[in-house]
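Asks: PDB, N, CA and C atoms and all ligand atoms, saved as input.pdb, coming up:
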```pdb
ATOM      1  N   MET A   1     -33.797 178.941 157.930
ATOM      2  CA  MET A   1     -34.884 179.566 158.688
ATOM      3  C   MET A   1     -36.098 178.641 158.713
ATOM      4  N   GLU A   2     -36.691 178.497 159.869
ATOM      5  CA  GLU A   2     -37.887 177.647 159.996
ATOM      6  C   GLU A   2     -39.042 178.225 159.182
ATOM      7  N   ILE A   3     -39.780 177.341 158.522
ATOM      8  CA  ILE A   3     -40.935 177.779 157.737
ATOM      9  C   ILE A   3     -42.201 177.523 158.545
ATOM     10  N   LEU A   4     -42.932 178.591 158.806
ATOM     11  CA  LEU A   4     -44.134 178.510 159.625
ATOM     12  C   LEU A   4     -45.371 178.446 158.740
ATOM     13  N   THR A   5     -46.435 177.866 159.286
ATOM     14  CA  THR A   5     -47.704 177.885 158.559
ATOM     15  C   THR A   5     -48.850 177.808 159.556
ATOM     16  N   GLY A   6     -50.064 177.814 159.045
ATOM     17  CA  GLY A   6     -51.235 177.789 159.912
ATOM     18  C   GLY A   6     -52.485 177.879 159.073
ATOM     19  N   ASP A   7     -53.592 178.159 159.731
ATOM     20  CA  ASP A   7     -54.891 178.271 159.054
ATOM     21  C   ASP A   7     -54.995 179.641 158.388
ATOM     22  N   VAL A   8     -55.087 179.629 157.060
ATOM     23  CA  VAL A   8     -55.095 180.879 156.297
ATOM     24  C   VAL A   8     -56.283 181.762 156.673
ATOM     25  N   ASN A   9     -57.335 181.144 157.194
ATOM     26  CA  ASN A   9     -58.518 181.931 157.568
ATOM     27  C   ASN A   9     -58.387 182.591 158.928
ATOM     28  N   GLU A  10     -57.379 182.163 159.695
ATOM     29  CA  GLU A  10     -57.239 182.703 161.059
ATOM     30  C   GLU A  10     -55.909 183.404 161.301
ATOM     31  N   GLU A  11     -54.880 183.004 160.567
ATOM     32  CA  GLU A  11     -53.525 183.521 160.819
ATOM     33  C   GLU A  11     -53.139 184.479 159.698
ATOM     34  N   LYS A  12     -52.950 185.746 160.049
ATOM     35  CA  LYS A  12     -52.728 186.761 159.010
ATOM     36  C   LYS A  12     -51.356 186.679 158.354
ATOM     37  N   HIS A  13     -50.466 185.825 158.838
ATOM     38  CA  HIS A  13     -49.166 185.683 158.179
ATOM     39  C   HIS A  13     -49.167 184.655 157.046
ATOM     40  N   VAL A  14     -50.168 183.792 157.008
ATOM     41  CA  VAL A  14     -50.179 182.738 155.988
ATOM     42  C   VAL A  14     -50.592 183.339 154.643
ATOM     43  N   PRO A  15     -49.735 183.221 153.614
ATOM     44  CA  PRO A  15     -50.086 183.772 152.309
ATOM     45  C   PRO A  15     -51.363 183.125 151.752
ATOM     46  N   PHE A  16     -52.260 183.972 151.252
ATOM     47  CA  PHE A  16     -53.514 183.519 150.654
ATOM     48  C   PHE A  16     -53.374 183.653 149.140
ATOM     49  N   ILE A  17     -53.538 182.521 148.429
ATOM     50  CA  ILE A  17     -53.294 182.492 146.984
ATOM     51  C   ILE A  17     -54.611 182.362 146.228
ATOM     52  N   GLU A  18     -54.750 183.185 145.206
ATOM     53  CA  GLU A  18     -55.904 183.089 144.309
ATOM     54  C   GLU A  18     -55.386 182.958 142.882
ATOM     55  N   GLU A  19     -56.091 182.161 142.085
ATOM     56  CA  GLU A  19     -55.739 182.037 140.676
ATOM     57  C   GLU A  19     -56.344 183.215 139.914
ATOM     58  N   THR A  20     -55.575 183.780 138.977
ATOM     59  CA  THR A  20     -56.065 184.872 138.136
ATOM     60  C   THR A  20     -56.034 184.416 136.674
ATOM     61  N   ASP A  21     -56.429 185.303 135.768
ATOM     62  CA  ASP A  21     -56.416 184.941 134.340
ATOM     63  C   ASP A  21     -55.010 184.547 133.889
ATOM     64  N   LYS A  22     -53.999 185.316 134.372
ATOM     65  CA  LYS A  22     -52.633 185.141 133.860
ATOM     66  C   LYS A  22     -51.664 184.525 134.856
ATOM     67  N   GLY A  23     -52.142 184.138 136.010
ATOM     68  CA  GLY A  23     -51.230 183.569 136.990
ATOM     69  C   GLY A  23     -51.869 183.468 138.366
ATOM     70  N   TYR A  24     -51.190 184.098 139.346
ATOM     71  CA  TYR A  24     -51.661 183.984 140.716
ATOM     72  C   TYR A  24     -51.492 185.314 141.458
ATOM     73  N   LYS A  25     -52.414 185.539 142.377
ATOM     74  CA  LYS A  25     -52.347 186.714 143.251
ATOM     75  C   LYS A  25     -52.168 186.221 144.680
ATOM     76  N   VAL A  26     -51.214 186.817 145.391
ATOM     77  CA  VAL A  26     -50.934 186.419 146.768
ATOM     78  C   VAL A  26     -51.188 187.606 147.687
ATOM     79  N   THR A  27     -51.989 187.369 148.707
ATOM     80  CA  THR A  27     -52.300 188.393 149.702
ATOM     81  C   THR A  27     -51.832 187.898 151.064
ATOM     82  N   VAL A  28     -51.132 188.741 151.816
ATOM     83  CA  VAL A  28     -50.708 188.355 153.160
ATOM     84  C   VAL A  28     -51.711 188.937 154.149
ATOM     85  N   GLY A  29     -52.586 188.034 154.592
ATOM     86  CA  GLY A  29     -53.622 188.435 155.537
ATOM     87  C   GLY A  29     -55.009 188.282 154.966
ATOM     88  N   LYS A  30     -55.518 187.054 154.962
ATOM     89  CA  LYS A  30     -56.903 186.864 154.516
ATOM     90  C   LYS A  30     -57.885 187.375 155.567
ATOM     91  N   PRO A  31     -57.683 187.034 156.861
ATOM     92  CA  PRO A  31     -58.640 187.552 157.865
ATOM     93  C   PRO A  31     -58.537 189.070 158.002
ATOM     94  N   ALA A  32     -57.330 189.601 157.874
ATOM     95  CA  ALA A  32     -57.089 191.052 157.918
ATOM     96  C   ALA A  32     -55.701 191.265 157.336
ATOM     97  N   LEU A  33     -55.540 192.273 156.494
ATOM     98  CA  LEU A  33     -54.224 192.494 155.882
ATOM     99  C   LEU A  33     -53.165 192.680 156.962
ATOM    100  N   HIS A  34     -51.998 192.086 156.724
ATOM    101  CA  HIS A  34     -50.884 192.255 157.661
ATOM    102  C   HIS A  34     -50.439 193.717 157.657
ATOM    103  N   PRO A  35     -50.021 194.262 158.805
ATOM    104  CA  PRO A  35     -49.531 195.651 158.849
ATOM    105  C   PRO A  35     -48.337 195.871 157.922
ATOM    106  N   MET A  36     -48.212 197.092 157.422
ATOM    107  CA  MET A  36     -47.070 197.467 156.582
ATOM    108  C   MET A  36     -46.504 198.777 157.131
ATOM    109  N   LYS A  37     -46.046 198.708 158.389
ATOM    110  CA  LYS A  37     -45.499 199.875 159.084
ATOM    111  C   LYS A  37     -43.972 199.804 159.081
ATOM    112  N   GLU A  38     -43.336 200.921 159.381
ATOM    113  CA  GLU A  38     -41.864 200.986 159.400
ATOM    114  C   GLU A  38     -41.252 199.891 160.270
ATOM    115  N   LYS A  39     -41.851 199.635 161.434
ATOM    116  CA  LYS A  39     -41.259 198.698 162.379
ATOM    117  C   LYS A  39     -41.766 197.271 162.225
ATOM    118  N   HIS A  40     -42.789 197.073 161.436
ATOM    119  CA  HIS A  40     -43.407 195.749 161.302
ATOM    120  C   HIS A  40     -44.047 195.659 159.925
ATOM    121  N   TYR A  41     -43.411 194.884 159.041
ATOM    122  CA  TYR A  41     -43.931 194.817 157.679
ATOM    123  C   TYR A  41     -43.473 193.534 156.985
ATOM    124  N   ILE A  42     -44.083 193.273 155.849
ATOM    125  CA  ILE A  42     -43.724 192.119 155.028
ATOM    126  C   ILE A  42     -42.606 192.553 154.085
ATOM    127  N   GLN A  43     -41.485 191.829 154.111
ATOM    128  CA  GLN A  43     -40.307 192.220 153.329
ATOM    129  C   GLN A  43     -40.365 191.711 151.889
ATOM    130  N   TYR A  44     -40.931 190.518 151.708
ATOM    131  CA  TYR A  44     -41.113 190.031 150.343
ATOM    132  C   TYR A  44     -42.177 188.947 150.300
ATOM    133  N   ILE A  45     -42.695 188.722 149.093
ATOM    134  CA  ILE A  45     -43.624 187.620 148.809
ATOM    135  C   ILE A  45     -43.026 186.841 147.647
ATOM    136  N   GLU A  46     -42.999 185.523 147.786
ATOM    137  CA  GLU A  46     -42.387 184.655 146.785
ATOM    138  C   GLU A  46     -43.401 183.587 146.363
ATOM    139  N   LEU A  47     -43.416 183.273 145.070
ATOM    140  CA  LEU A  47     -44.348 182.257 144.561
ATOM    141  C   LEU A  47     -43.583 181.062 144.002
ATOM    142  N   TYR A  48     -44.077 179.878 144.311
ATOM    143  CA  TYR A  48     -43.497 178.633 143.807
ATOM    144  C   TYR A  48     -44.564 177.869 143.035
ATOM    145  N   VAL A  49     -44.202 177.414 141.835
ATOM    146  CA  VAL A  49     -45.104 176.587 141.034
ATOM    147  C   VAL A  49     -44.363 175.308 140.657
ATOM    148  N   ASN A  50     -44.977 174.195 140.952
ATOM    149  CA  ASN A  50     -44.387 172.878 140.683
ATOM    150  C   ASN A  50     -42.957 172.772 141.240
ATOM    151  N   GLY A  51     -42.762 173.347 142.430
ATOM    152  CA  GLY A  51     -41.486 173.216 143.116
ATOM    153  C   GLY A  51     -40.443 174.269 142.778
ATOM    154  N   ASP A  52     -40.717 175.090 141.770
ATOM    155  CA  ASP A  52     -39.747 176.121 141.375
ATOM    156  C   ASP A  52     -40.189 177.510 141.851
ATOM    157  N   ALA A  53     -39.220 178.307 142.324
ATOM    158  CA  ALA A  53     -39.493 179.707 142.644
ATOM    159  C   ALA A  53     -39.665 180.447 141.324
ATOM    160  N   VAL A  54     -40.846 180.983 141.064
ATOM    161  CA  VAL A  54     -41.126 181.608 139.762
ATOM    162  C   VAL A  54     -41.280 183.121 139.853
ATOM    163  N   GLY A  55     -41.327 183.665 141.068
ATOM    164  CA  GLY A  55     -41.462 185.108 141.181
ATOM    165  C   GLY A  55     -41.258 185.560 142.608
ATOM    166  N   LYS A  56     -40.732 186.789 142.738
ATOM    167  CA  LYS A  56     -40.515 187.359 144.068
ATOM    168  C   LYS A  56     -40.778 188.855 143.992
ATOM    169  N   LYS A  57     -41.567 189.374 144.920
ATOM    170  CA  LYS A  57     -41.827 190.809 144.978
ATOM    171  C   LYS A  57     -41.323 191.347 146.307
ATOM    172  N   GLU A  58     -40.408 192.308 146.236
ATOM    173  CA  GLU A  58     -39.884 192.965 147.435
ATOM    174  C   GLU A  58     -40.859 194.069 147.826
ATOM    175  N   LEU A  59     -41.092 194.212 149.122
ATOM    176  CA  LEU A  59     -42.044 195.208 149.607
ATOM    177  C   LEU A  59     -41.392 196.145 150.608
ATOM    178  N   GLU A  60     -42.025 197.312 150.765
ATOM    179  CA  GLU A  60     -41.574 198.300 151.749
ATOM    180  C   GLU A  60     -42.762 198.737 152.583
ATOM    181  N   ALA A  61     -42.468 199.348 153.728
ATOM    182  CA  ALA A  61     -43.529 199.914 154.561
ATOM    183  C   ALA A  61     -44.374 200.847 153.702
ATOM    184  N   GLY A  62     -45.681 200.763 153.876
ATOM    185  CA  GLY A  62     -46.581 201.611 153.104
ATOM    186  C   GLY A  62     -47.163 200.925 151.876
ATOM    187  N   ASP A  63     -46.477 199.872 151.372
ATOM    188  CA  ASP A  63     -47.027 199.103 150.251
ATOM    189  C   ASP A  63     -48.194 198.246 150.755
ATOM    190  N   ASP A  64     -49.004 197.754 149.823
ATOM    191  CA  ASP A  64     -49.980 196.726 150.178
ATOM    192  C   ASP A  64     -49.257 195.385 150.234
ATOM    193  N   PRO A  65     -49.615 194.522 151.188
ATOM    194  CA  PRO A  65     -48.965 193.205 151.275
ATOM    195  C   PRO A  65     -49.573 192.224 150.273
ATOM    196  N   VAL A  66     -49.467 192.596 149.012
ATOM    197  CA  VAL A  66     -50.105 191.854 147.920
ATOM    198  C   VAL A  66     -49.125 191.775 146.755
ATOM    199  N   ALA A  67     -49.114 190.643 146.065
ATOM    200  CA  ALA A  67     -48.266 190.502 144.878
ATOM    201  C   ALA A  67     -49.025 189.729 143.821
ATOM    202  N   GLU A  68     -48.973 190.221 142.577
ATOM    203  CA  GLU A  68     -49.567 189.490 141.462
ATOM    204  C   GLU A  68     -48.451 189.008 140.548
ATOM    205  N   PHE A  69     -48.533 187.740 140.169
ATOM    206  CA  PHE A  69     -47.491 187.133 139.339
ATOM    207  C   PHE A  69     -48.111 186.629 138.046
ATOM    208  N   GLU A  70     -47.540 187.051 136.923
ATOM    209  CA  GLU A  70     -47.963 186.518 135.622
ATOM    210  C   GLU A  70     -47.024 185.384 135.275
ATOM    211  N   VAL A  71     -47.483 184.168 135.517
ATOM    212  CA  VAL A  71     -46.644 182.978 135.343
ATOM    213  C   VAL A  71     -47.503 181.841 134.807
ATOM    214  N   PRO A  72     -46.863 180.856 134.163
ATOM    215  CA  PRO A  72     -47.615 179.676 133.739
ATOM    216  C   PRO A  72     -48.211 178.958 134.949
ATOM    217  N   LYS A  73     -49.400 178.419 134.764
ATOM    218  CA  LYS A  73     -50.052 177.720 135.867
ATOM    219  C   LYS A  73     -49.459 176.331 136.055
ATOM    220  N   GLY A  74     -49.627 175.850 137.270
ATOM    221  CA  GLY A  74     -49.093 174.533 137.568
ATOM    222  C   GLY A  74     -50.010 173.788 138.503
ATOM    223  N   LYS A  75     -49.590 172.578 138.838
ATOM    224  CA  LYS A  75     -50.425 171.738 139.707
ATOM    225  C   LYS A  75     -50.202 172.058 141.174
ATOM    226  N   GLN A  76     -48.922 172.208 141.541
ATOM    227  CA  GLN A  76     -48.612 172.444 142.948
ATOM    228  C   GLN A  76     -48.168 173.901 143.092
ATOM    229  N   VAL A  77     -48.901 174.663 143.886
ATOM    230  CA  VAL A  77     -48.633 176.096 144.021
ATOM    231  C   VAL A  77     -48.587 176.467 145.499
ATOM    232  N   PHE A  78     -47.480 177.104 145.894
ATOM    233  CA  PHE A  78     -47.457 177.671 147.238
ATOM    234  C   PHE A  78     -46.694 178.983 147.232
ATOM    235  N   ALA A  79     -46.884 179.762 148.287
ATOM    236  CA  ALA A  79     -46.214 181.054 148.412
ATOM    237  C   ALA A  79     -45.579 181.157 149.789
ATOM    238  N   ARG A  80     -44.525 181.972 149.839
ATOM    239  CA  ARG A  80     -43.871 182.269 151.114
ATOM    240  C   ARG A  80     -43.772 183.767 151.274
ATOM    241  N   GLU A  81     -43.805 184.214 152.512
ATOM    242  CA  GLU A  81     -43.587 185.632 152.786
ATOM    243  C   GLU A  81     -42.736 185.756 154.028
ATOM    244  N   LEU A  82     -41.963 186.833 154.070
ATOM    245  CA  LEU A  82     -41.106 187.088 155.236
ATOM    246  C   LEU A  82     -41.581 188.335 155.960
ATOM    247  N   CYS A  83     -41.973 188.145 157.222
ATOM    248  CA  CYS A  83     -42.316 189.265 158.111
ATOM    249  C   CYS A  83     -41.050 189.624 158.877
ATOM    250  N   ASN A  84     -40.753 190.897 158.990
ATOM    251  CA  ASN A  84     -39.493 191.290 159.627
ATOM    252  C   ASN A  84     -39.468 190.934 161.115
ATOM    253  N   ILE A  85     -40.615 190.716 161.723
ATOM    254  CA  ILE A  85     -40.656 190.354 163.148
ATOM    255  C   ILE A  85     -41.004 188.874 163.343
ATOM    256  N   HIS A  86     -41.964 188.366 162.582
ATOM    257  CA  HIS A  86     -42.531 187.049 162.865
ATOM    258  C   HIS A  86     -42.033 185.904 161.981
ATOM    259  N   GLY A  87     -41.099 186.217 161.069
ATOM    260  CA  GLY A  87     -40.433 185.151 160.333
ATOM    261  C   GLY A  87     -41.071 184.766 159.016
ATOM    262  N   LEU A  88     -40.659 183.562 158.561
ATOM    263  CA  LEU A  88     -41.009 183.054 157.223
ATOM    264  C   LEU A  88     -42.237 182.163 157.287
ATOM    265  N   TRP A  89     -43.226 182.469 156.429
ATOM    266  CA  TRP A  89     -44.513 181.752 156.440
ATOM    267  C   TRP A  89     -44.826 181.217 155.067
ATOM    268  N   GLN A  90     -45.532 180.089 155.041
ATOM    269  CA  GLN A  90     -45.908 179.464 153.775
ATOM    270  C   GLN A  90     -47.399 179.144 153.752
ATOM    271  N   GLY A  91     -47.995 179.316 152.580
ATOM    272  CA  GLY A  91     -49.392 178.944 152.368
ATOM    273  C   GLY A  91     -49.537 178.313 150.995
ATOM    274  N   GLU A  92     -50.445 177.363 150.880
ATOM    275  CA  GLU A  92     -50.651 176.637 149.624
ATOM    276  C   GLU A  92     -51.989 177.004 148.999
ATOM    277  N   LEU A  93     -52.020 176.846 147.673
ATOM    278  CA  LEU A  93     -53.285 177.001 146.959
ATOM    279  C   LEU A  93     -54.130 175.758 147.236
ATOM    280  N   ASP A  94     -55.382 175.958 147.600
ATOM    281  CA  ASP A  94     -56.284 174.824 147.888
ATOM    282  C   ASP A  94     -56.485 173.970 146.647
TER     283      ASP A  94
HETATM  284 FE    FE Q   1     -45.819 190.085 161.394
END
```
Show me, as structure tokens, the structure contained in the file I just sent.

Replies:
Amino acid sequence: MEILTGDVNEEKHVPFIEETDKGYKVTVGKPALHPMKEKHYIQYIELYVNGDAVGKKELEAGDDPVAEFEVPKGKQVFARELCNIHGLWQGELD
């Protein structure tokens, strides 16, 4: 599957990553949260640290499109999310 990306400040599909005390928080939709409706929603959020997939949260309609991961910190951090209509998106920690 093609991996899409874009400007996290303008494109609501790009995962927005923040560092927390114990790991990372990923929000799908920095400009506005992505919809979580029956027909259009985020199916999962996945976190990668230093090239390894370290966590995955499955989501359902009605959930918030947000995932918090308690994981060791790393240098290279990115997240992916799958929208049931618009595909697979990736965003990196600045
Ligand atoms: Fe979407």

Asks: Grab the atom CA of A:Pro15 to atom CA of A:Glu70 distance for me, in Å with one decimal place.

Replies: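 Between atom CA of A:Pro15 and atom CA of A:Glu70 the gap works out to 17.0 Å.
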
Asks: So that I can check the surroundings of stretch 23-29 of chain A, please list as a ChimeraX atom specification every protein, DNA and RNA residue that reaches within 6 Å of it, counting all atoms listed in the file and ignoring chain neighbours fewer than 3 positions away.

Replies: /A:11-20,32-34,65-73

Asks: As a ChimeraX atom specification, list the residues of chain A assigned to strand (DSSP E) by DSSP on the backbone atoms of this structure.

Replies: /A:3-4,15-19,23-28,42-49,52-58,66-70,77-83,87-92

Asks: Within 6 Å of ligand FE 1 (chain Q), counting all atoms listed in the file: which residues, as a PyMOL selection string?

Replies: chain A and resi 41+83-86

Asks: Can you work out which one of A:Lys37, A:Gly62, A:Asn50, A:Ile42 has the shortest atom-to-atom distance to A:Glu81, counting only N, CA and C atoms?

Replies: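 Among the listed residues, the smallest separation from A:Glu81 belongs to A:Ile42.
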
Asks: Mind pulling up the distance from atom N of A:Gly91 to atom N of A:Leu4?

Replies: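 Interatomic distance here is 8.1 Å.
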
Asks: Quick one: of A:Glu60, A:Lys39, A:Asp94, A:Tyr48, who's nearest to A:Arg80, counting all atoms listed in the file?

Replies: A:Tyr48

Asks: Kindly give the distance, in Å, that separates atom CA of A:Glu10 and atom C of A:Trp89, rounded to a single decimal.

Replies: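 Separation of atom CA of A:Glu10 and atom C of A:Trp89: 13.9 Å.
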
Asks: Output chain A from the block with C-alpha atoms, as an mmCIF file, in the first residue's frame?

Replies:
```
data_model
loop_
_atom_site.group_PDB
_atom_site.id
_atom_site.type_symbol
_atom_site.label_atom_id
_atom_site.label_comp_id
_atom_site.auth_asym_id
_atom_site.auth_seq_id
_atom_site.Cartn_x
_atom_site.Cartn_y
_atom_site.Cartn_z
ATOM 1 C CA MET A 1 0.000 0.000 0.000
ATOM 2 C CA GLU A 2 1.294 3.457 -0.889
ATOM 3 C CA ILE A 3 2.301 5.568 2.101
ATOM 4 C CA LEU A 4 0.969 9.107 1.918
ATOM 5 C CA THR A 5 2.162 12.180 3.764
ATOM 6 C CA GLY A 6 1.822 15.947 3.791
ATOM 7 C CA ASP A 7 1.932 19.047 5.962
ATOM 8 C CA VAL A 8 0.800 18.054 9.451
ATOM 9 C CA ASN A 9 -0.541 21.567 9.998
ATOM 10 C CA GLU A 10 -2.817 21.419 6.962
ATOM 11 C CA GLU A 11 -3.619 17.764 6.245
ATOM 12 C CA LYS A 12 -5.780 16.070 8.867
ATOM 13 C CA HIS A 13 -4.614 12.573 7.891
ATOM 14 C CA VAL A 14 -0.964 13.133 8.824
ATOM 15 C CA PRO A 15 -0.293 11.733 12.317
ATOM 16 C CA PHE A 16 0.815 14.440 14.766
ATOM 17 C CA ILE A 17 3.328 13.150 17.334
ATOM 18 C CA GLU A 18 4.079 14.663 20.720
ATOM 19 C CA GLU A 19 6.601 13.440 23.265
ATOM 20 C CA THR A 20 5.175 12.606 26.711
ATOM 21 C CA ASP A 21 6.786 11.691 30.044
ATOM 22 C CA LYS A 22 6.639 7.960 29.242
ATOM 23 C CA GLY A 23 6.621 7.836 25.471
ATOM 24 C CA TYR A 24 4.644 9.410 22.668
ATOM 25 C CA LYS A 25 1.117 10.581 21.935
ATOM 26 C CA VAL A 26 -0.216 10.432 18.378
ATOM 27 C CA THR A 27 -3.208 12.455 17.220
ATOM 28 C CA VAL A 28 -4.754 12.091 13.761
ATOM 29 C CA GLY A 29 -5.727 15.594 12.795
ATOM 30 C CA LYS A 30 -3.718 18.515 14.102
ATOM 31 C CA PRO A 31 -5.717 21.162 12.177
ATOM 32 C CA ALA A 32 -8.958 19.339 13.090
ATOM 33 C CA LEU A 33 -9.498 15.827 14.434
ATOM 34 C CA HIS A 34 -10.214 13.297 11.702
ATOM 35 C CA PRO A 35 -13.847 12.041 11.686
ATOM 36 C CA MET A 36 -14.605 8.792 13.520
ATOM 37 C CA LYS A 37 -17.933 7.867 11.908
ATOM 38 C CA GLU A 38 -19.237 4.435 10.876
ATOM 39 C CA LYS A 39 -18.509 5.090 7.199
ATOM 40 C CA HIS A 40 -15.289 7.080 7.583
ATOM 41 C CA TYR A 41 -12.847 6.492 10.405
ATOM 42 C CA ILE A 42 -9.276 5.730 11.412
ATOM 43 C CA GLN A 43 -8.784 1.956 11.716
ATOM 44 C CA TYR A 44 -5.478 1.980 13.566
ATOM 45 C CA ILE A 45 -2.525 4.103 14.684
ATOM 46 C CA GLU A 46 0.964 2.606 14.702
ATOM 47 C CA LEU A 47 4.181 3.986 16.217
ATOM 48 C CA TYR A 48 7.727 3.338 15.021
ATOM 49 C CA VAL A 49 10.850 4.168 17.027
ATOM 50 C CA ASN A 50 14.302 3.787 15.502
ATOM 51 C CA GLY A 51 12.804 1.819 12.616
ATOM 52 C CA ASP A 52 10.871 -0.700 14.717
ATOM 53 C CA ALA A 53 7.083 -0.918 15.089
ATOM 54 C CA VAL A 54 6.707 -0.533 18.869
ATOM 55 C CA GLY A 55 2.959 -0.139 19.280
ATOM 56 C CA LYS A 56 -0.368 -0.334 17.491
ATOM 57 C CA LYS A 57 -3.804 0.816 18.639
ATOM 58 C CA GLU A 58 -6.903 -0.444 16.832
ATOM 59 C CA LEU A 59 -9.766 2.046 16.698
ATOM 60 C CA GLU A 60 -13.500 1.964 16.054
ATOM 61 C CA ALA A 61 -16.086 4.539 15.047
ATOM 62 C CA GLY A 62 -16.835 6.744 18.030
ATOM 63 C CA ASP A 63 -13.316 6.508 19.510
ATOM 64 C CA ASP A 64 -11.011 9.518 19.569
ATOM 65 C CA PRO A 65 -8.373 9.309 16.807
ATOM 66 C CA VAL A 66 -5.642 9.433 19.436
ATOM 67 C CA ALA A 67 -3.186 6.863 20.788
ATOM 68 C CA GLU A 68 -0.726 7.083 23.667
ATOM 69 C CA PHE A 69 2.221 4.700 23.739
ATOM 70 C CA GLU A 70 4.416 3.998 26.756
ATOM 71 C CA VAL A 71 7.659 3.057 25.038
ATOM 72 C CA PRO A 72 11.371 3.808 25.312
ATOM 73 C CA LYS A 73 12.314 7.006 23.528
ATOM 74 C CA GLY A 74 14.392 7.009 20.421
ATOM 75 C CA LYS A 75 16.032 9.263 17.894
ATOM 76 C CA GLN A 76 13.900 8.541 14.857
ATOM 77 C CA VAL A 77 10.152 8.510 15.515
ATOM 78 C CA PHE A 78 7.279 8.281 13.085
ATOM 79 C CA ALA A 79 3.669 7.125 13.113
ATOM 80 C CA ARG A 80 1.290 5.673 10.564
ATOM 81 C CA GLU A 81 -2.475 5.582 10.492
ATOM 82 C CA LEU A 82 -4.967 3.891 8.210
ATOM 83 C CA CYS A 83 -8.121 5.726 7.135
ATOM 84 C CA ASN A 84 -10.732 3.348 5.761
ATOM 85 C CA ILE A 85 -11.373 5.690 2.806
ATOM 86 C CA HIS A 86 -8.192 7.721 2.280
ATOM 87 C CA GLY A 87 -5.480 5.134 2.883
ATOM 88 C CA LEU A 88 -2.212 4.891 4.797
ATOM 89 C CA TRP A 89 -0.538 8.068 6.095
ATOM 90 C CA GLN A 90 2.745 8.761 7.835
ATOM 91 C CA GLY A 91 3.988 11.631 9.982
ATOM 92 C CA GLU A 92 7.316 12.171 11.732
ATOM 93 C CA LEU A 93 8.273 13.736 15.020
ATOM 94 C CA ASP A 94 9.964 17.094 14.339
#
```
